[in-house]
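Below you'll find the structure, written out as structure tokens, and then a few comments.
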Amino acid sequence: VPAVVGAAAGPYVFIFPAQPDGLVRVQWTADHGIFDAAPAATVFPGGSLSYAVDSSLTVPDVVINELLAQNVAGLRDEDGQTEDWIELHNRGDSAVNLEGWSLTDDPDLPGQWTFPAVSIPSGGYLVVFASGKDRRPVTPGARLHTNFKLSLRGEYLGLFNAESPRLAVSELAPQFPEQRNDHSYGLDDYRRWRHFSKPTPGAANGISAIEGVTEPVRFSLERGLYRGPLTISLSCPTPGAEIRYTNDGSTPTETTGTIYAGPITLQRTTGLRAIAIAPNRLPSRVETHSYILNVSSSLLRLPVVSIVTDSDNLYGPTGIMEVTPRNTIYRGLAWERPVSVEWIRPGDNGGFAVDCGIRLQGGD
């Protein structure tokens, strides 16, 4: 007699006792008492099914071994584009056919993207581009593409088998951590999750000392519109972290910017940017807070958009607003520059802040 797990509208899972090797036939009894939920209930027709038991079969040992969520200058796909990618590794002793298996970034959609008839040999690797292009060729060596992309801020990622219901074979749950450009995240030789400065798609990952990502810098005062001078304190919850900051719009890095040693006094409108660096961790993301100071009472009643970026992104040989040479005529992704944008409401200093790209529209 099987055990049944489920409630209300289901789903219900029937769990059968272990059976010896051979063909097993399962049949519904005539008095099963199963009806649908329609007003005029319909009796489940029942029937039978068969399955084979083979105790010599092994459970496939295929894992998500590495991922790259922000591919800027690394592996290119067949279109010449640097897309995100996911690497699988078969740790078992025999080849595994992945037909019907699936990858997903949503635990509620385990069958989000399914594999075609493709196999991974014992000890082998398979790279799947997480590009959103949804390509499933069966030609040997052809590139596979999921119908979703990976989030730089981290998200769920799971590999499911072809059973019904599907079972998670390998997953990063509830989500993988925040990522960085051209740094992969994967299992090292000791099967520990680490960040890697040199991604290795299609090969073993080796060893990495990068255990995580430094927590972002915290500002003692939120961005906004203020009267008079301000004193701002910076902090980072990651033990041993060093903070570097700039107040001229430039991007602080591990080697640039002023090392934070105490509260910062602002006398005028300033875009304050800060990064935190800690041993054996990737740097934090750059945080930007704009402080709009000493504006007139009438302007204090208006919302403010603050755009903060390195001056070279706007002016100079590669600046999008430079007129000598006349860069204002150029268009496309090659002429997009990274900026921090803040929209600040008057009164409560609410709004939003986002790191994004900016392009010029118009030439005069």
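Labels used: A, B, ... for chains in the order of the structure tokens, numbers from 1 for residues in each chain, and numbers from 1 for ligands as shown.
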
Subject >> A:Leu103 surroundings by only C-alpha atoms, 12 Å radius, close-in-sequence under 6 positions cut, as number ranges by chain >> reply: A: 63-64, 85-88, 109-116, 128-130, 134, 144-150, 156-162, 166-172

With N, CA and C atoms kept, could you save the residues just selected as an mmCIF file, in the first residue's frame?
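Saved as selection_11.cif:
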```
data_model
loop_
_atom_site.group_PDB
_atom_site.id
_atom_site.type_symbol
_atom_site.label_atom_id
_atom_site.label_comp_id
_atom_site.auth_asym_id
_atom_site.auth_seq_id
_atom_site.Cartn_x
_atom_site.Cartn_y
_atom_site.Cartn_z
ATOM 1 N N VAL A 63 26.615 18.298 -11.234
ATOM 2 C CA VAL A 63 26.454 19.468 -10.370
ATOM 3 C C VAL A 63 26.672 20.758 -11.156
ATOM 4 N N ILE A 64 26.065 21.825 -10.642
ATOM 5 C CA ILE A 64 26.436 23.166 -11.096
ATOM 6 C C ILE A 64 27.812 23.445 -10.509
ATOM 7 N N TRP A 85 27.155 32.659 -18.257
ATOM 8 C CA TRP A 85 27.174 31.225 -18.516
ATOM 9 C C TRP A 85 27.140 30.415 -17.220
ATOM 10 N N ILE A 86 26.724 29.156 -17.397
ATOM 11 C CA ILE A 86 26.636 28.178 -16.307
ATOM 12 C C ILE A 86 27.409 26.945 -16.744
ATOM 13 N N GLU A 87 28.244 26.422 -15.868
ATOM 14 C CA GLU A 87 29.009 25.217 -16.184
ATOM 15 C C GLU A 87 28.533 24.046 -15.325
ATOM 16 N N LEU A 88 28.263 22.914 -15.973
ATOM 17 C CA LEU A 88 27.916 21.676 -15.274
ATOM 18 C C LEU A 88 29.109 20.729 -15.312
ATOM 19 N N LEU A 109 9.480 27.300 -10.838
ATOM 20 C CA LEU A 109 9.409 26.859 -12.240
ATOM 21 C C LEU A 109 10.577 25.919 -12.526
ATOM 22 N N PRO A 110 10.558 24.712 -11.949
ATOM 23 C CA PRO A 110 11.706 23.814 -12.107
ATOM 24 C C PRO A 110 11.977 23.409 -13.552
ATOM 25 N N GLY A 111 10.973 23.449 -14.413
ATOM 26 C CA GLY A 111 11.171 23.086 -15.814
ATOM 27 C C GLY A 111 11.317 24.284 -16.724
ATOM 28 N N GLN A 112 11.848 25.376 -16.212
ATOM 29 C CA GLN A 112 11.898 26.634 -16.972
ATOM 30 C C GLN A 112 12.616 26.483 -18.313
ATOM 31 N N TRP A 113 13.761 25.816 -18.310
ATOM 32 C CA TRP A 113 14.494 25.589 -19.570
ATOM 33 C C TRP A 113 14.992 24.157 -19.580
ATOM 34 N N THR A 114 14.593 23.382 -20.586
ATOM 35 C CA THR A 114 14.936 21.963 -20.637
ATOM 36 C C THR A 114 16.033 21.683 -21.658
ATOM 37 N N PHE A 115 16.829 20.681 -21.352
ATOM 38 C CA PHE A 115 17.933 20.281 -22.217
ATOM 39 C C PHE A 115 17.439 19.436 -23.389
ATOM 40 N N PRO A 116 18.084 19.564 -24.541
ATOM 41 C CA PRO A 116 17.851 18.618 -25.632
ATOM 42 C C PRO A 116 18.646 17.342 -25.356
ATOM 43 N N VAL A 128 26.708 26.119 -20.551
ATOM 44 C CA VAL A 128 25.442 26.602 -21.107
ATOM 45 C C VAL A 128 25.410 28.112 -20.925
ATOM 46 N N PHE A 129 25.201 28.837 -22.016
ATOM 47 C CA PHE A 129 25.106 30.293 -21.912
ATOM 48 C C PHE A 129 23.754 30.686 -21.319
ATOM 49 N N ALA A 130 23.785 31.514 -20.288
ATOM 50 C CA ALA A 130 22.549 32.052 -19.692
ATOM 51 C C ALA A 130 22.291 33.411 -20.332
ATOM 52 N N ASP A 134 17.516 31.245 -25.638
ATOM 53 C CA ASP A 134 16.725 30.012 -25.725
ATOM 54 C C ASP A 134 17.062 29.202 -26.978
ATOM 55 N N LEU A 144 24.597 25.814 -26.266
ATOM 56 C CA LEU A 144 23.270 25.846 -25.659
ATOM 57 C C LEU A 144 23.055 27.199 -24.989
ATOM 58 N N HIS A 145 21.808 27.690 -25.044
ATOM 59 C CA HIS A 145 21.459 28.974 -24.428
ATOM 60 C C HIS A 145 20.157 28.823 -23.651
ATOM 61 N N THR A 146 20.137 29.228 -22.394
ATOM 62 C CA THR A 146 18.897 29.209 -21.615
ATOM 63 C C THR A 146 17.989 30.358 -22.041
ATOM 64 N N ASN A 147 16.760 30.317 -21.552
ATOM 65 C CA ASN A 147 15.800 31.400 -21.825
ATOM 66 C C ASN A 147 15.777 32.425 -20.691
ATOM 67 N N PHE A 148 16.793 32.409 -19.842
ATOM 68 C CA PHE A 148 16.900 33.398 -18.764
ATOM 69 C C PHE A 148 18.361 33.822 -18.623
ATOM 70 N N LYS A 149 18.560 34.955 -17.954
ATOM 71 C CA LYS A 149 19.895 35.448 -17.651
ATOM 72 C C LYS A 149 20.141 35.373 -16.144
ATOM 73 N N LEU A 150 21.375 35.629 -15.742
ATOM 74 C CA LEU A 150 21.733 35.591 -14.328
ATOM 75 C C LEU A 150 21.821 37.002 -13.759
ATOM 76 N N TYR A 156 18.389 32.608 -7.155
ATOM 77 C CA TYR A 156 18.320 31.144 -7.110
ATOM 78 C C TYR A 156 18.796 30.569 -8.438
ATOM 79 N N LEU A 157 19.444 29.411 -8.387
ATOM 80 C CA LEU A 157 19.813 28.678 -9.597
ATOM 81 C C LEU A 157 19.740 27.193 -9.289
ATOM 82 N N GLY A 158 19.025 26.442 -10.123
ATOM 83 C CA GLY A 158 18.856 25.024 -9.866
ATOM 84 C C GLY A 158 18.955 24.177 -11.120
ATOM 85 N N LEU A 159 19.495 22.965 -10.950
ATOM 86 C CA LEU A 159 19.526 21.937 -11.991
ATOM 87 C C LEU A 159 18.597 20.820 -11.551
ATOM 88 N N PHE A 160 17.612 20.491 -12.394
ATOM 89 C CA PHE A 160 16.614 19.483 -12.054
ATOM 90 C C PHE A 160 16.684 18.322 -13.037
ATOM 91 N N ASN A 161 16.340 17.115 -12.529
ATOM 92 C CA ASN A 161 16.306 15.955 -13.420
ATOM 93 C C ASN A 161 14.991 15.916 -14.188
ATOM 94 N N ALA A 162 14.820 14.852 -14.974
ATOM 95 C CA ALA A 162 13.654 14.760 -15.859
ATOM 96 C C ALA A 162 12.495 13.994 -15.236
ATOM 97 N N ARG A 166 9.763 16.902 -10.962
ATOM 98 C CA ARG A 166 11.205 17.072 -11.061
ATOM 99 C C ARG A 166 11.844 17.176 -9.674
ATOM 100 N N LEU A 167 13.063 16.664 -9.571
ATOM 101 C CA LEU A 167 13.818 16.748 -8.329
ATOM 102 C C LEU A 167 15.079 17.567 -8.560
ATOM 103 N N ALA A 168 15.425 18.409 -7.593
ATOM 104 C CA ALA A 168 16.638 19.219 -7.695
ATOM 105 C C ALA A 168 17.860 18.320 -7.541
ATOM 106 N N VAL A 169 18.731 18.347 -8.526
ATOM 107 C CA VAL A 169 19.966 17.573 -8.501
ATOM 108 C C VAL A 169 21.102 18.408 -7.926
ATOM 109 N N SER A 170 21.102 19.688 -8.252
ATOM 110 C CA SER A 170 22.113 20.623 -7.758
ATOM 111 C C SER A 170 21.482 22.006 -7.742
ATOM 112 N N GLU A 171 21.654 22.739 -6.659
ATOM 113 C CA GLU A 171 21.033 24.059 -6.596
ATOM 114 C C GLU A 171 21.824 24.991 -5.691
ATOM 115 N N LEU A 172 21.721 26.275 -5.994
ATOM 116 C CA LEU A 172 22.245 27.328 -5.137
ATOM 117 C C LEU A 172 21.034 28.024 -4.553
#
```

**OP:** Pick out the residues sitting within 9 Å of A:Arg281, and hand them over as a count of residues only; count only C-alpha atoms, and ignore anything fewer than 6 positions along from it in its own chain.
**Re:** 7

Subject >> Residue among A:Asn294, A:Ile232, A:Pro137, A:Val96 lying closest to A:Pro263, counting only C-alpha atoms >> reply: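 Using only C-alpha atoms, A:Pro263 sits closest to A:Ile232.
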
Subject >> Residue contacts of A:Ser296 (12 Å, only C-alpha atoms) excluding same-chain residues fewer than 2 positions away, as a count of residues only >> reply: 12

Original post:
Using only C-alpha atoms, which residues sit within 12 Å of A:Asp31 once same-chain residues fewer than 5 positions away are excluded, as JSON, numbers by chain?
Top reply: {"A": [43, 44, 45, 46]}

**OP:** Write out as JSON, numbers by chain the residues lying within 12 Å of A:Thr29, counting only C-alpha atoms and excluding same-chain residues fewer than 3 positions away.
**Re:** {"A": [1, 26, 32, 33, 34, 44, 45, 46, 47, 48]}
